[in-house]
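Structure record follows, encoded as structure tokens.
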Amino acid sequence: MRLQHILVPFDFSPYAEQALEDALGLAQTLQARLTLLHVIDTTPLGVAEGTTLHASSYWQELETGITEGMEERLTRVYEAGLQGEMVIAEGVPFQTIIDTARDKHVDLIVMGTHGRTGLTHVLMGSVAEKVVRLAPCPVLVTRGSAETSAA
């Protein structure tokens, strides 16, 4: 199996930071290119009928912050001597990760174990679990260190 293109879903959690570090090391060894993906979660929320949600400058600031944060991570890819790109997309996280992997002909997805716990996990499941089950390519799920877990 030849790994030329690695997808790293990134949600700014300590687990995603660890996954990025692991992906950088792997990509350097294999001289693979990286695609960093941030998904703005559009999973429908339970909102009372007749209620409207208004876009505001808050969302613009949020998107600006996401873009700046992703650009910082992409700079790390370039500093490691690798080719890379970033993608910011809206959608249901697990499905957007799978679709991006398929559309970009990714050979491997590297992601952290992060996200939901407790009741939310029981009701909605883990993004990582769904990606592992449904991805069109192998998935490497990183656990992180003891410091990551404590954070």
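Note on naming: chains are A, B, ... as they come in the structure tokens, residues start from 1 per chain, ligands start from 1 in the order shown.
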
Tell me which protein, DNA and RNA residues are within 8 Å of segment 97-105 of chain A, counting only C-alpha atoms, leaving out same-chain ones fewer than 4 positions away, and put them as a ChimeraX atom specification. /A:5,7,9,37,39,93,109,131,134-137

Atoms to include: C-alpha atoms. Write the selected residues as a short mmCIF file (atom, residue, chain, number, x, y, z; two decimals), in the first residue's frame.
data_model
loop_
_atom_site.label_atom_id
_atom_site.label_comp_id
_atom_site.auth_asym_id
_atom_site.auth_seq_id
_atom_site.Cartn_x
_atom_site.Cartn_y
_atom_site.Cartn_z
CA HIS A 5 -2.24 11.66 0.52
CA LEU A 7 -6.43 13.65 5.44
CA PRO A 9 -9.77 16.22 10.29
CA LEU A 37 -10.07 19.57 7.16
CA VAL A 39 -15.94 20.82 9.50
CA PRO A 93 -18.76 16.00 10.55
CA ILE A 109 -7.27 9.46 7.40
CA VAL A 131 -15.51 7.41 10.05
CA LEU A 134 -17.66 4.11 6.62
CA ALA A 135 -14.44 5.61 5.23
CA PRO A 136 -13.31 4.69 1.72
CA CYS A 137 -9.71 4.24 2.97
#

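Those residues of segment 12-99 of chain A that DSSP, working from the backbone, places in strand (DSSP E or B) are A:Arg33, A:Leu34, A:Thr35, A:Leu36, A:Leu37, A:His38, A:Val39, A:Ile40, A:Asp41, A:Gly84, A:Glu85, A:Met86, A:Val87, A:Ile88, A:Ala89, A:Glu90, A:Gly91.
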
Filtering to C-alpha atoms, could you give me those residues as an mmCIF file, in the first residue's frame?
data_model
loop_
_atom_site.group_PDB
_atom_site.id
_atom_site.type_symbol
_atom_site.label_atom_id
_atom_site.label_comp_id
_atom_site.auth_asym_id
_atom_site.auth_seq_id
_atom_site.Cartn_x
_atom_site.Cartn_y
_atom_site.Cartn_z
ATOM 1 C CA ARG A 33 0.919 15.403 1.167
ATOM 2 C CA LEU A 34 -1.577 16.482 3.835
ATOM 3 C CA THR A 35 -5.063 17.882 3.619
ATOM 4 C CA LEU A 36 -6.279 19.525 6.814
ATOM 5 C CA LEU A 37 -10.065 19.570 7.159
ATOM 6 C CA HIS A 38 -12.219 21.531 9.565
ATOM 7 C CA VAL A 39 -15.939 20.821 9.497
ATOM 8 C CA ILE A 40 -18.360 23.449 10.721
ATOM 9 C CA ASP A 41 -21.020 21.199 12.216
ATOM 10 C CA GLY A 84 -0.548 20.531 1.915
ATOM 11 C CA GLU A 85 -3.858 22.256 1.696
ATOM 12 C CA MET A 86 -6.671 23.182 4.035
ATOM 13 C CA VAL A 87 -10.376 22.718 3.571
ATOM 14 C CA ILE A 88 -13.090 24.341 5.656
ATOM 15 C CA ALA A 89 -16.501 22.844 4.975
ATOM 16 C CA GLU A 90 -19.966 22.883 6.473
ATOM 17 C CA GLY A 91 -21.858 19.684 7.125
#

Atom CA of Val132 of chain A to atom CA of Val106 of chain A measures 14.0 Å

Which residue of A:Val110, A:Leu30, A:Leu74, A:Leu82 approaches Arg2 of chain A most closely, using only C-alpha atoms: A:Leu30

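You will find atom CA of Leu62 of chain A at 28.7 Å from atom CA of Val139 of chain A.
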